[in-house]
>>> print(open('run.txt').read())   # compact mmCIF, C-alpha atoms and all ligand atoms
# COMPACT_ATOMS: atom_id res chain seq x y z
CA MET M 15 -70.38 21.12 10.16
CA HIS M 16 -67.43 22.00 7.97
CA ARG M 17 -64.15 20.63 9.21
CA GLY M 18 -61.57 23.41 8.78
CA PRO M 19 -57.85 23.37 9.46
CA GLY M 20 -58.43 24.85 12.92
CA GLN M 21 -60.40 21.85 14.02
CA GLU M 22 -57.80 19.46 12.70
CA LYS M 23 -55.17 21.30 14.70
CA ARG M 24 -57.30 21.13 17.81
CA SER M 25 -57.97 17.40 17.51
CA TYR M 26 -54.23 16.88 17.03
CA ILE M 27 -53.58 18.78 20.27
CA MET M 28 -56.29 16.85 22.09
CA SER M 29 -54.88 13.52 20.93
CA ARG M 30 -51.49 14.53 22.30
CA VAL M 31 -53.05 15.55 25.59
CA ARG M 32 -54.86 12.22 25.94
CA SER M 33 -51.53 10.41 25.67
CA LYS M 34 -50.05 12.52 28.50
CA GLY M 35 -50.79 10.02 31.26
CA SER M 36 -48.92 7.13 29.75
CA ARG M 37 -45.92 9.22 28.64
CA ILE M 38 -45.50 10.64 32.13
CA GLU M 39 -45.87 7.21 33.66
CA GLN M 40 -43.21 5.77 31.37
CA SER M 41 -40.77 8.64 31.82
CA VAL M 42 -40.97 9.55 35.49
CA ALA M 43 -41.98 6.36 37.30
CA PRO M 44 -38.75 4.45 36.44
CA VAL M 45 -36.67 7.43 37.61
CA LEU M 46 -38.49 7.46 40.95
CA ASP M 47 -38.04 3.70 41.21
CA SER M 48 -34.31 3.99 40.54
CA LEU M 49 -34.05 6.71 43.20
CA GLY M 50 -35.67 4.29 45.64
CA GLN M 51 -38.73 6.50 46.14
CA ALA M 52 -42.25 5.30 46.82
CA TYR M 53 -44.87 7.69 45.48
CA GLN M 54 -48.53 8.43 44.96
CA GLN M 55 -49.89 9.64 41.62
CA HIS M 56 -52.50 12.31 40.83
CA VAL M 57 -52.96 13.40 44.41
CA ALA M 58 -56.30 15.22 44.29
CA ALA M 59 -56.15 16.23 47.97
CA LEU M 60 -53.31 18.71 47.24
CA PRO M 61 -53.48 22.01 45.31
CA GLY M 62 -53.00 21.47 41.60
CA LYS M 63 -53.34 17.67 41.91
CA PRO M 64 -49.59 16.91 41.63
CA ASP M 65 -48.69 14.19 39.15
CA PHE M 66 -46.42 12.53 41.69
CA VAL M 67 -45.99 12.98 45.44
CA LEU M 68 -43.19 11.19 47.27
CA THR M 69 -44.33 9.07 50.18
CA LEU M 70 -41.51 9.84 52.60
CA LEU M 71 -40.42 13.35 51.62
CA PRO M 72 -42.42 16.55 51.08
CA VAL M 73 -41.79 16.62 47.32
CA ALA M 74 -44.57 17.27 44.81
CA ILE M 75 -43.76 16.73 41.13
CA PHE M 76 -45.66 18.23 38.22
CA VAL M 77 -45.12 17.32 34.58
CA ASP M 78 -46.67 20.11 32.57
CA SER M 79 -47.87 19.89 28.99
CA CYS M 80 -45.98 22.42 26.84
CA PHE M 81 -49.26 23.48 25.26
CA TRP M 82 -51.71 23.65 28.17
CA HIS M 83 -49.27 25.24 30.62
CA GLY M 84 -47.79 27.70 28.12
CA CYS M 85 -44.16 26.58 27.75
CA THR M 86 -42.37 29.57 26.24
CA LEU M 87 -40.37 27.29 23.92
CA HIS M 88 -43.12 25.11 22.47
CA CYS M 89 -46.57 26.54 23.10
CA ARG M 90 -47.94 27.55 19.68
CA MET M 91 -51.40 29.03 19.77
CA PRO M 92 -53.88 27.66 17.25
CA LYS M 93 -54.66 30.28 14.59
CA SER M 94 -58.42 29.88 14.90
CA ASN M 95 -60.08 31.27 18.04
CA ALA M 96 -56.73 32.86 18.95
CA ASP M 97 -58.26 35.10 21.64
CA TYR M 98 -59.84 32.11 23.33
CA TRP M 99 -56.60 30.15 23.42
CA VAL M 100 -54.45 33.06 24.62
CA ALA M 101 -56.88 33.69 27.49
CA LYS M 102 -57.16 29.99 28.30
CA ILE M 103 -53.40 29.38 28.47
CA ASP M 104 -52.86 32.61 30.42
CA TYR M 105 -55.52 31.46 32.91
CA ASN M 106 -53.80 28.10 33.26
CA ARG M 107 -50.42 29.72 33.94
CA ARG M 108 -51.84 31.97 36.66
CA ARG M 109 -53.65 29.01 38.23
CA ASP M 110 -50.41 26.97 38.17
CA ASN M 111 -48.57 29.78 39.98
CA ARG M 112 -51.30 30.11 42.62
CA GLN M 113 -51.51 26.39 43.31
CA ARG M 114 -47.75 25.89 43.50
CA SER M 115 -47.30 28.88 45.82
CA ALA M 116 -49.98 27.36 48.07
CA LEU M 117 -48.07 24.08 48.15
CA ARG M 118 -44.78 25.83 49.04
CA ARG M 119 -46.49 27.74 51.84
CA ARG M 120 -47.62 24.41 53.26
CA GLY M 121 -44.02 23.18 53.30
CA TRP M 122 -43.81 21.24 50.04
CA ILE M 123 -40.84 21.31 47.69
CA VAL M 124 -42.29 21.70 44.19
CA VAL M 125 -40.46 20.14 41.22
CA ARG M 126 -41.83 21.33 37.91
CA LEU M 127 -40.92 19.36 34.82
CA TRP M 128 -42.02 20.27 31.33
CA GLU M 129 -43.28 17.72 28.86
CA HIS M 130 -40.18 18.55 26.79
CA ASP M 131 -37.90 17.58 29.71
CA LEU M 132 -39.11 13.97 29.52
CA ALA M 133 -36.84 13.25 26.56
CA ARG M 134 -33.79 13.75 28.80
CA GLU M 135 -33.91 11.19 31.58
CA ALA M 136 -30.67 12.40 33.21
CA ALA M 137 -32.15 15.89 33.53
CA VAL M 138 -35.39 14.53 35.01
CA ARG M 139 -33.40 12.51 37.53
CA ALA M 140 -31.19 15.49 38.46
CA ARG M 141 -34.19 17.78 39.03
CA ILE M 142 -35.99 15.24 41.21
CA ALA M 143 -32.81 14.43 43.16
CA ALA M 144 -32.27 18.15 43.80
CA GLY M 145 -35.83 18.42 45.13
CA MET M 146 -35.21 15.42 47.39
CA ARG M 147 -32.05 17.03 48.79
CA ARG M 148 -33.92 20.26 49.56
CA ALA M 149 -36.67 18.26 51.27
CA SER M 150 -34.43 15.97 53.31
CA GLY M 151 -34.95 16.31 57.04
CA ARG M 152 -38.36 17.89 56.56
CA ALA M 153 -41.48 16.08 57.61
CA ARG M 154 -44.17 15.64 54.98
CA PRO M 155 -47.02 18.05 55.75
CA ALA M 156 -50.29 16.45 56.75
ZN ZN H 201 -41.77 22.83 26.03
>>> encode(input="run.txt", output="structure tokens")
Amino acid sequence: MHRGPGQEKRSYIMSRVRSKGSRIEQSVAPVLDSLGQAYQQHVAALPGKPDFVLTLLPVAIFVDSCFWHGCTLHCRMPKSNADYWVAKIDYNRRRDNRQRSALRRRGWIVVRLWEHDLAREAAVRARIAAGMRRASGRARPA
């Protein structure tokens, strides 16, 4: 099969996605540690499988890929199969909204970070700390 520019673009995107786990780990885990928070990762029992869930407060943290979750600043659709990608990213955004609304209805504070936020540790810390303040005094839902 001929390897066109579209495929190269896609494999570039996929290689970035595969590295997501370790980048999140390196960027968010030390912030949670410094805030004195114990946490669970990739909590499949909750809607949207939050990347981090605090152990003692009802705070669920998502770190969303700029591409897959349709960041308005950085999501650039591949030129090939454009219809497919537009529909796919739109589906992901709607699913994100549904899952996060479901979490809020259950009593969770949802902190959404973008992949592009990870470069600014102070901003990541401030967003998580704000979520913790909103959650303080609330019991973690079962
Ligand atoms: Zn972005």
>>> residues_near_ligand(input="run.txt", ligand="ligand ZN 201 (chain H)", cutoff="10 Å", atoms="all atoms listed in the file", output="list in words")
Asp78, Ser79, Cys80, Phe81, His83, Gly84, Cys85, Thr86, Leu87, His88, Cys89, Leu127, Trp128, Glu129, His130, Asp131 and Leu132 of chain M
>>> atom_distance(input="run.txt", atom1="CA of Gly50 in chain M", atom2="CA of Arg119 in chain M")
26.6 Å
>>> closest_residue(input="run.txt", among="M:Ser115, M:Pro72, M:Val138, M:Trp99", to="Ala153 in chain M", atoms="all atoms listed in the file")
M:Pro72
>>> closest_residue(input="run.txt", among="M:Lys63, M:Arg114, M:Lys102, M:Arg139", to="Gln51 in chain M", atoms="only C-alpha atoms")
M:Arg139
>>> atom_distance(input="run.txt", atom1="CA of Ser150 in chain M", atom2="CA of Gly62 in chain M")
22.6 Å
>>> atom_distance(input="run.txt", atom1="CA of Arg108 in chain M", atom2="CA of Val67 in chain M")
21.7 Å
>>> closest_residue(input="run.txt", among="M:Leu49, M:Met91, M:Ala136, M:Val73", to="Arg152 in chain M", atoms="only C-alpha atoms")
M:Val73
>>> residues_around(input="run.txt", residues="Arg148 in chain M", least_positions_apart="6", cutoff="12 Å", atoms="only C-alpha atoms", output="ChimeraX atom specification")
/M:71-73,121-125,141-142
>>> axis_aligned_box(input="run.txt", around="range 54-66 of chain M", padding_each_side="3 Å", output="lines of an AutoDock Vina configuration file")
center_x = -51.4
center_y = 15.2
center_z = 43.6
size_x = 15.9
size_y = 19.6
size_z = 14.8
>>> decode(input="run.txt", residues="range 67-142 of chain M", atoms="C-alpha atoms", output="tab-separated table (two decimals), in the first residue's frame")
chain	number	residue	atom	x	y	z
M	67	VAL	CA	-9.17	10.78	41.29
M	68	LEU	CA	-8.25	12.13	44.72
M	69	THR	CA	-8.57	9.63	47.53
M	70	LEU	CA	-9.98	11.93	50.19
M	71	LEU	CA	-11.89	14.56	48.20
M	72	PRO	CA	-14.49	14.21	45.44
M	73	VAL	CA	-12.19	15.60	42.73
M	74	ALA	CA	-11.82	13.93	39.34
M	75	ILE	CA	-9.05	15.21	37.06
M	76	PHE	CA	-8.90	14.76	33.30
M	77	VAL	CA	-5.93	15.64	31.13
M	78	ASP	CA	-7.25	15.84	27.60
M	79	SER	CA	-5.22	15.45	24.43
M	80	CYS	CA	-5.50	18.62	22.32
M	81	PHE	CA	-6.11	16.49	19.24
M	82	TRP	CA	-8.50	13.77	20.43
M	83	HIS	CA	-10.65	16.07	22.57
M	84	GLY	CA	-10.75	18.92	20.06
M	85	CYS	CA	-8.87	21.75	21.79
M	86	THR	CA	-9.89	24.90	19.92
M	87	LEU	CA	-6.32	26.22	20.02
M	88	HIS	CA	-4.37	23.19	18.81
M	89	CYS	CA	-6.61	20.59	17.20
M	90	ARG	CA	-5.68	20.52	13.51
M	91	MET	CA	-7.64	18.04	11.45
M	92	PRO	CA	-5.63	15.81	9.13
M	93	LYS	CA	-6.26	16.77	5.49
M	94	SER	CA	-6.96	13.21	4.39
M	95	ASN	CA	-10.26	11.65	5.49
M	96	ALA	CA	-11.30	15.07	6.81
M	97	ASP	CA	-14.97	14.08	7.21
M	98	TYR	CA	-13.99	11.08	9.30
M	99	TRP	CA	-11.81	13.12	11.63
M	100	VAL	CA	-14.30	15.98	12.06
M	101	ALA	CA	-17.03	13.47	12.99
M	102	LYS	CA	-14.70	11.53	15.28
M	103	ILE	CA	-13.49	14.57	17.24
M	104	ASP	CA	-17.04	15.97	17.44
M	105	TYR	CA	-18.21	12.61	18.83
M	106	ASN	CA	-15.42	12.68	21.42
M	107	ARG	CA	-16.34	16.20	22.55
M	108	ARG	CA	-20.01	15.28	23.01
M	109	ARG	CA	-19.03	12.13	24.91
M	110	ASP	CA	-16.71	14.18	27.16
M	111	ASN	CA	-19.55	16.58	27.97
M	112	ARG	CA	-21.97	13.74	28.76
M	113	GLN	CA	-19.53	11.87	30.98
M	114	ARG	CA	-18.43	14.96	32.91
M	115	SER	CA	-22.02	16.10	33.46
M	116	ALA	CA	-22.77	12.62	34.85
M	117	LEU	CA	-19.84	12.94	37.26
M	118	ARG	CA	-21.00	16.39	38.46
M	119	ARG	CA	-24.52	15.07	39.03
M	120	ARG	CA	-23.02	12.39	41.26
M	121	GLY	CA	-21.30	15.06	43.35
M	122	TRP	CA	-17.82	15.14	41.82
M	123	ILE	CA	-15.83	18.30	41.17
M	124	VAL	CA	-14.38	17.92	37.67
M	125	VAL	CA	-11.02	19.52	36.86
M	126	ARG	CA	-10.28	19.50	33.15
M	127	LEU	CA	-6.73	20.15	32.06
M	128	TRP	CA	-5.61	20.29	28.46
M	129	GLU	CA	-2.45	18.64	27.24
M	130	HIS	CA	-1.19	22.18	26.50
M	131	ASP	CA	-1.66	23.17	30.17
M	132	LEU	CA	0.99	20.66	31.25
M	133	ALA	CA	3.79	22.99	30.21
M	134	ARG	CA	2.75	25.42	32.96
M	135	GLU	CA	3.07	23.68	36.30
M	136	ALA	CA	1.88	26.70	38.31
M	137	ALA	CA	-1.35	26.76	36.29
M	138	VAL	CA	-1.88	23.02	36.77
M	139	ARG	CA	-1.36	23.41	40.50
M	140	ALA	CA	-3.74	26.40	40.71
M	141	ARG	CA	-6.51	24.57	38.83
M	142	ILE	CA	-6.23	21.46	41.01
